[in-house]
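Source file structure_11.cif; content: mmCIF, C-alpha atoms.
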data_target
#
loop_
_atom_site.label_atom_id
_atom_site.label_comp_id
_atom_site.auth_asym_id
_atom_site.auth_seq_id
_atom_site.Cartn_x
_atom_site.Cartn_y
_atom_site.Cartn_z
CA MET A 1 169.97 12.13 180.81
CA LYS A 2 167.85 13.72 178.08
CA GLY A 3 167.65 17.35 177.15
CA SER A 4 166.98 19.85 174.42
CA LYS A 5 167.93 23.39 173.53
CA SER A 6 166.18 25.65 171.03
CA HIS A 7 166.28 29.11 169.60
CA GLU A 8 164.36 31.02 166.98
CA VAL A 9 165.38 33.70 164.47
CA GLU A 10 162.84 35.97 162.77
CA ALA A 11 163.11 36.26 158.99
CA ASP A 12 161.30 39.50 158.17
CA GLY A 13 160.57 39.94 154.49
CA VAL A 14 161.11 36.28 153.64
CA PRO A 15 158.08 33.99 153.21
CA ALA A 16 158.47 30.58 154.87
CA SER A 17 157.85 28.73 151.60
CA ASP A 18 160.69 30.59 149.85
CA LEU A 19 163.09 30.06 152.74
CA TRP A 20 162.22 26.36 152.88
CA ASP A 21 162.29 25.69 149.13
CA ASP A 22 165.39 27.74 148.32
CA ILE A 23 167.60 27.03 151.32
CA TYR A 24 166.46 24.50 153.92
CA ALA A 25 164.62 21.67 152.11
CA GLY A 26 167.68 20.13 150.42
CA LEU A 27 171.40 20.75 150.69
CA GLY A 28 171.26 24.53 150.26
CA PHE A 29 171.69 25.29 153.96
CA VAL A 30 174.72 23.03 154.21
CA ARG A 31 176.39 24.63 151.19
CA LEU A 32 175.71 28.18 152.39
CA PHE A 33 176.77 27.41 155.97
CA HIS A 34 180.08 26.10 154.67
CA LYS A 35 180.67 29.13 152.42
CA LEU A 36 179.60 31.76 154.94
CA LEU A 37 181.25 30.35 158.07
CA PRO A 38 184.55 28.76 157.05
CA GLN A 39 185.93 29.58 160.50
CA VAL A 40 183.44 27.08 161.98
CA LEU A 41 182.94 24.46 159.29
CA ARG A 42 186.00 23.11 157.51
CA LYS A 43 184.06 20.95 155.06
CA VAL A 44 180.93 18.94 154.41
CA ASP A 45 180.92 15.96 152.09
CA VAL A 46 177.83 14.16 150.88
CA VAL A 47 178.47 10.50 151.64
CA ARG A 48 175.16 9.14 150.39
CA ASP A 49 172.11 10.38 148.41
CA ASP A 50 171.07 13.82 147.16
CA GLY A 51 169.52 15.84 149.98
CA GLY A 52 166.41 13.77 150.73
CA VAL A 53 165.68 11.46 153.65
CA GLY A 54 168.56 9.01 153.98
CA THR A 55 171.21 11.52 152.89
CA VAL A 56 174.38 11.15 154.95
CA LEU A 57 176.86 14.01 155.40
CA GLN A 58 180.43 13.87 156.69
CA VAL A 59 180.86 17.08 158.69
CA THR A 60 184.25 18.48 159.76
CA LEU A 61 184.17 21.33 162.29
CA ILE A 62 187.12 23.54 163.17
CA SER A 63 188.24 23.58 166.80
CA PRO A 64 186.64 26.69 168.41
CA GLY A 65 189.23 29.40 169.01
CA ASN A 66 192.05 27.25 167.61
CA PRO A 67 191.90 26.70 163.82
CA ALA A 68 195.05 24.55 164.00
CA GLY A 69 193.59 22.46 166.83
CA PRO A 70 191.89 19.10 166.56
CA GLU A 71 188.92 18.90 164.21
CA MET A 72 185.57 17.45 165.19
CA ASN A 73 184.29 14.96 162.62
CA TYR A 74 180.94 13.26 162.56
CA GLN A 75 178.36 11.89 160.18
CA GLU A 76 174.74 12.93 160.24
CA GLU A 77 171.77 11.47 158.40
CA PHE A 78 168.67 13.31 157.24
CA VAL A 79 165.98 11.27 159.03
CA LYS A 80 162.96 13.51 158.43
CA ILE A 81 162.07 16.04 155.76
CA ASP A 82 158.50 17.30 155.98
CA ASP A 83 157.87 19.69 153.08
CA GLU A 84 154.31 20.42 154.20
CA ASN A 85 155.36 21.58 157.68
CA CYS A 86 158.86 22.77 156.67
CA VAL A 87 160.71 20.55 159.14
CA LYS A 88 164.06 18.79 158.73
CA GLU A 89 165.71 16.49 161.27
CA THR A 90 169.22 15.10 161.23
CA LEU A 91 170.68 12.40 163.46
CA ALA A 92 174.36 12.05 164.33
CA ILE A 93 175.18 8.46 163.38
CA GLU A 94 178.95 8.27 163.77
CA GLY A 95 182.01 10.23 164.88
CA ASN A 96 183.23 12.61 167.57
CA VAL A 97 179.79 13.77 168.69
CA LEU A 98 178.96 10.24 169.78
CA LYS A 99 182.49 9.53 171.04
CA LEU A 100 182.17 12.50 173.40
CA GLY A 101 179.46 10.54 175.20
CA PHE A 102 176.20 11.49 173.51
CA THR A 103 173.98 8.49 172.82
CA THR A 104 171.51 10.57 170.79
CA TYR A 105 172.12 13.87 169.01
CA VAL A 106 169.26 15.13 166.81
CA THR A 107 169.08 18.56 165.15
CA GLN A 108 165.72 19.87 163.98
CA LEU A 109 165.17 22.92 161.77
CA GLU A 110 161.63 24.24 161.41
CA ILE A 111 160.50 27.14 159.25
CA THR A 112 157.20 28.74 160.28
CA GLU A 113 155.08 31.40 158.61
CA LYS A 114 154.74 34.56 160.71
CA GLY A 115 152.84 36.62 158.15
CA PRO A 116 152.44 37.00 154.39
CA SER A 117 156.09 37.87 153.93
CA SER A 118 157.82 36.90 157.15
CA SER A 119 158.84 33.68 158.82
CA ALA A 120 160.90 32.23 161.64
CA ILE A 121 163.67 29.64 161.74
CA ARG A 122 163.54 27.49 164.86
CA SER A 123 166.54 25.29 165.61
CA THR A 124 166.27 22.57 168.22
CA LEU A 125 168.94 20.21 169.45
CA GLU A 126 167.69 17.09 171.24
CA TYR A 127 170.31 14.99 172.98
CA GLU A 128 170.83 12.17 175.41
CA PHE A 129 173.91 11.11 177.33
CA ASP A 130 174.85 8.77 180.16
CA ASP A 131 173.82 10.10 183.58
CA GLY A 132 177.42 9.60 184.72
CA HIS A 133 178.57 12.52 182.56
CA PRO A 134 176.73 15.69 183.70
CA GLU A 135 179.47 17.82 182.09
CA MET A 136 177.97 16.87 178.72
CA GLU A 137 175.19 19.37 179.35
CA ASP A 138 177.75 22.19 179.02
CA ALA A 139 179.00 20.74 175.71
CA VAL A 140 175.62 21.43 174.10
CA SER A 141 175.91 24.97 172.80
CA PHE A 142 175.10 25.60 169.18
CA LYS A 143 173.17 28.86 169.45
CA PRO A 144 175.97 31.31 168.52
CA ILE A 145 176.97 29.31 165.45
CA LEU A 146 173.47 28.71 164.13
CA LEU A 147 172.30 32.20 164.97
CA SER A 148 175.18 33.63 162.93
CA ALA A 149 174.53 31.19 160.09
CA HIS A 150 170.80 31.97 159.97
CA LYS A 151 171.42 35.72 159.92
CA LEU A 152 173.98 35.37 157.13
CA ILE A 153 171.66 33.13 155.12
CA LEU A 154 168.83 35.63 155.48
CA LEU A 155 171.16 38.39 154.28
CA ILE A 156 172.22 36.34 151.24
CA TYR A 157 168.58 35.45 150.52
CA ALA A 158 167.61 39.14 150.65
CA MET A 159 170.45 39.99 148.28
CA MET A 160 169.38 37.21 145.88
CA THR A 161 165.79 38.45 145.93
CA THR A 162 166.84 42.06 145.34
CA THR A 163 169.09 41.03 142.42
CA THR A 164 166.29 38.94 140.88
CA THR A 165 163.80 41.81 141.24
CA ALA A 166 166.25 44.32 139.74
CA THR A 167 167.00 41.98 136.82
CA THR A 168 163.29 41.38 136.20
CA THR A 169 162.50 45.10 136.39
CA ALA A 170 165.29 45.99 133.97
CA ALA A 171 164.16 43.46 131.36
#

As structure tokens, how would this structure be written, given the file I've shared?
Amino acid sequence: MKGSKSHEVEADGVPASDLWDDIYAGLGFVRLFHKLLPQVLRKVDVVRDDGGVGTVLQVTLISPGNPAGPEMNYQEEFVKIDDENCVKETLAIEGNVLKLGFTTYVTQLEITEKGPSSSAIRSTLEYEFDDGHPEMEDAVSFKPILLSAHKLILLIYAMMTTTTTATTTAA
């Protein structure tokens, strides 16, 4: 069975090109996500490469609602980075996500321009699992985590921009 889930977060005051270049194009999102949401993400290690296509990450998630519970580990590979259209796709290639029964698990992040100084972050999860496991549909829920992460990243980005403007003005 195939499926997908998506959601979008508006980024008022942040041009798409800045959001893409500063946070989403390389490893910036991963680093910020780890720092801002330690209750969700225990650690991320770069296994291979430097943030471009072919980069492999080892991701360790904390058990929801039980920090001492079993961790979820998986590896994901950056399979598409489109700088022109501000799109990044990752594919789960190994670990608990696939052991749960997913045969395909692809995350796509897309940054779109909404105006001269606003944009949107669209997150899409495409998945496939054996028809004999309909309960897998309920296991696909990433919206609360990513929504929180996106909002925190936008807050940090706004703070960075304000600090840079204040420093430039004072000089």

Which one of A:Leu125, A:Met136, A:Val46, A:Val106 sits closest to Ser4 in chain A if you count all atoms listed in the file? A:Leu125

Nearest to Gly3 in chain A: which of A:Glu71, A:Glu137, A:Glu113, A:Asp21 is it, counting only C-alpha atoms?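 When distances to Gly3 in chain A are compared using only C-alpha atoms, the smallest one comes from A:Glu137.
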
Counting all atoms listed in the file, what is within 12 Å of Pro134 in chain A, bar same-chain residues fewer than 3 positions away, as a count of residues only? 13

Range 5-19 of chain A environment, 7 Å, all atoms listed in the file, sequence neighbours closer than 5 positions dropped, as a tab-separated table (two decimals) with C-alpha atoms, in the frame of the given file:
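Writing the result to result.tsv gives the following:
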chain	number	residue	atom	x	y	z
A	24	TYR	CA	166.46	24.50	153.92
A	111	ILE	CA	160.50	27.14	159.25
A	112	THR	CA	157.20	28.74	160.28
A	113	GLU	CA	155.08	31.40	158.61
A	116	PRO	CA	152.44	37.00	154.39
A	117	SER	CA	156.09	37.87	153.93
A	118	SER	CA	157.82	36.90	157.15
A	119	SER	CA	158.84	33.68	158.82
A	120	ALA	CA	160.90	32.23	161.64
A	121	ILE	CA	163.67	29.64	161.74
A	122	ARG	CA	163.54	27.49	164.86
A	123	SER	CA	166.54	25.29	165.61
A	124	THR	CA	166.27	22.57	168.22
A	125	LEU	CA	168.94	20.21	169.45
A	126	GLU	CA	167.69	17.09	171.24
A	143	LYS	CA	173.17	28.86	169.45
A	154	LEU	CA	168.83	35.63	155.48

Any idea what the distance is between CA of Arg48 in chain A and CA of Leu27 in chain A?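 Answer for the CA of Arg48 in chain A to CA of Leu27 in chain A separation: 12.2 Å.
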
At what distance in Å, to one decimal, does CA of Gln75 in chain A lie from CA of Thr103 in chain A?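 So the two atoms, CA of Thr103 in chain A and CA of Gln75 in chain A, lie 13.8 Å apart.
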
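For the structure shown here, the set of residues caught by the PyMOL selection byres ((chain A and resi 45) around 8) is Lys43, Val44, Val46, Val47, Leu57, Gln58 and Val59 of chain A.
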
Pick the closest to Ala68 in chain A from A:Arg42, A:Leu109, A:Gly52, A:Leu91: which is it, counting only C-alpha atoms? A:Arg42

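Atom pair CA of Ile93 in chain A / CA of Tyr105 in chain A: separated by 8.4 Å.
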
Would you pick out the contacts of Ile81 in chain A at 10 Å or less, using all atoms listed in the file, so that residues sharing its chain but fewer than 3 positions from it are not included, and give the list as an MDAnalysis selection string? chainID A and resid 24:26 51:54 78 84:90 108:110

Report as a list in words all protein, DNA and RNA residues lying within 7 Å of Asn96 in chain A, evaluated on only C-alpha atoms, omitting residues in the same chain fewer than 2 positions from it. Met72, Asn73, Tyr74, Leu98, Lys99 and Leu100 of chain A

Of the candidates A:Ile62, A:Gly95, A:Ile23, A:Thr55, which shows the shortest atom-to-atom distance to Glu77 in chain A, using all atoms listed in the file?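 Closest residue, counting all atoms listed in the file: A:Thr55.
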
Please write N, CA and C atoms of range 70-93 of chain A, from the structure given just now, as a PDB file, in the first residue's frame.
ATOM      1  N   PRO A  70      13.057   2.478  24.258  1.00  0.00           N
ATOM      2  CA  PRO A  70      13.894   2.083  23.120  1.00  0.00           C
ATOM      3  C   PRO A  70      14.025   3.214  22.096  1.00  0.00           C
ATOM      4  N   GLU A  71      15.213   3.369  21.572  1.00  0.00           N
ATOM      5  CA  GLU A  71      15.466   4.379  20.547  1.00  0.00           C
ATOM      6  C   GLU A  71      15.088   3.822  19.178  1.00  0.00           C
ATOM      7  N   MET A  72      14.804   4.718  18.253  1.00  0.00           N
ATOM      8  CA  MET A  72      14.565   4.330  16.874  1.00  0.00           C
ATOM      9  C   MET A  72      15.765   4.816  16.065  1.00  0.00           C
ATOM     10  N   ASN A  73      16.460   3.894  15.447  1.00  0.00           N
ATOM     11  CA  ASN A  73      17.642   4.225  14.653  1.00  0.00           C
ATOM     12  C   ASN A  73      17.377   3.906  13.194  1.00  0.00           C
ATOM     13  N   TYR A  74      17.832   4.781  12.336  1.00  0.00           N
ATOM     14  CA  TYR A  74      17.763   4.483  10.910  1.00  0.00           C
ATOM     15  C   TYR A  74      18.784   5.342  10.169  1.00  0.00           C
ATOM     16  N   GLN A  75      19.074   4.932   8.947  1.00  0.00           N
ATOM     17  CA  GLN A  75      19.942   5.734   8.092  1.00  0.00           C
ATOM     18  C   GLN A  75      19.105   6.278   6.954  1.00  0.00           C
ATOM     19  N   GLU A  76      19.388   7.536   6.599  1.00  0.00           N
ATOM     20  CA  GLU A  76      18.730   8.131   5.449  1.00  0.00           C
ATOM     21  C   GLU A  76      19.783   8.736   4.541  1.00  0.00           C
ATOM     22  N   GLU A  77      19.471   8.702   3.247  1.00  0.00           N
ATOM     23  CA  GLU A  77      20.394   9.224   2.236  1.00  0.00           C
ATOM     24  C   GLU A  77      19.734  10.383   1.511  1.00  0.00           C
ATOM     25  N   PHE A  78      20.498  11.459   1.303  1.00  0.00           N
ATOM     26  CA  PHE A  78      20.008  12.565   0.494  1.00  0.00           C
ATOM     27  C   PHE A  78      20.029  12.093  -0.964  1.00  0.00           C
ATOM     28  N   VAL A  79      18.849  11.920  -1.561  1.00  0.00           N
ATOM     29  CA  VAL A  79      18.778  11.397  -2.924  1.00  0.00           C
ATOM     30  C   VAL A  79      18.480  12.475  -3.959  1.00  0.00           C
ATOM     31  N   LYS A  80      18.023  13.634  -3.508  1.00  0.00           N
ATOM     32  CA  LYS A  80      17.748  14.736  -4.433  1.00  0.00           C
ATOM     33  C   LYS A  80      17.948  16.052  -3.706  1.00  0.00           C
ATOM     34  N   ILE A  81      18.717  16.938  -4.319  1.00  0.00           N
ATOM     35  CA  ILE A  81      18.836  18.315  -3.842  1.00  0.00           C
ATOM     36  C   ILE A  81      18.755  19.192  -5.087  1.00  0.00           C
ATOM     37  N   ASP A  82      17.668  19.933  -5.185  1.00  0.00           N
ATOM     38  CA  ASP A  82      17.404  20.781  -6.339  1.00  0.00           C
ATOM     39  C   ASP A  82      17.467  22.230  -5.870  1.00  0.00           C
ATOM     40  N   ASP A  83      18.624  22.861  -6.051  1.00  0.00           N
ATOM     41  CA  ASP A  83      18.813  24.239  -5.594  1.00  0.00           C
ATOM     42  C   ASP A  83      17.921  25.231  -6.337  1.00  0.00           C
ATOM     43  N   GLU A  84      17.623  24.965  -7.595  1.00  0.00           N
ATOM     44  CA  GLU A  84      16.801  25.875  -8.377  1.00  0.00           C
ATOM     45  C   GLU A  84      15.363  25.914  -7.863  1.00  0.00           C
ATOM     46  N   ASN A  85      14.822  24.737  -7.520  1.00  0.00           N
ATOM     47  CA  ASN A  85      13.444  24.643  -7.049  1.00  0.00           C
ATOM     48  C   ASN A  85      13.328  24.496  -5.528  1.00  0.00           C
ATOM     49  N   CYS A  86      14.466  24.544  -4.838  1.00  0.00           N
ATOM     50  CA  CYS A  86      14.515  24.444  -3.373  1.00  0.00           C
ATOM     51  C   CYS A  86      13.806  23.192  -2.851  1.00  0.00           C
ATOM     52  N   VAL A  87      14.246  22.038  -3.347  1.00  0.00           N
ATOM     53  CA  VAL A  87      13.657  20.762  -2.960  1.00  0.00           C
ATOM     54  C   VAL A  87      14.764  19.814  -2.509  1.00  0.00           C
ATOM     55  N   LYS A  88      14.517  19.133  -1.384  1.00  0.00           N
ATOM     56  CA  LYS A  88      15.439  18.105  -0.896  1.00  0.00           C
ATOM     57  C   LYS A  88      14.629  16.858  -0.592  1.00  0.00           C
ATOM     58  N   GLU A  89      15.154  15.691  -1.012  1.00  0.00           N
ATOM     59  CA  GLU A  89      14.511  14.420  -0.703  1.00  0.00           C
ATOM     60  C   GLU A  89      15.508  13.501  -0.031  1.00  0.00           C
ATOM     61  N   THR A  90      15.020  12.809   1.004  1.00  0.00           N
ATOM     62  CA  THR A  90      15.833  11.804   1.673  1.00  0.00           C
ATOM     63  C   THR A  90      15.087  10.473   1.622  1.00  0.00           C
ATOM     64  N   LEU A  91      15.856   9.397   1.584  1.00  0.00           N
ATOM     65  CA  LEU A  91      15.316   8.046   1.516  1.00  0.00           C
ATOM     66  C   LEU A  91      15.868   7.238   2.671  1.00  0.00           C
ATOM     67  N   ALA A  92      14.975   6.611   3.448  1.00  0.00           N
ATOM     68  CA  ALA A  92      15.425   5.712   4.509  1.00  0.00           C
ATOM     69  C   ALA A  92      16.028   4.477   3.826  1.00  0.00           C
ATOM     70  N   ILE A  93      17.288   4.161   4.173  1.00  0.00           N
ATOM     71  CA  ILE A  93      17.970   3.057   3.503  1.00  0.00           C
ATOM     72  C   ILE A  93      18.269   1.883   4.425  1.00  0.00           C
TER      73      ILE A  93
END
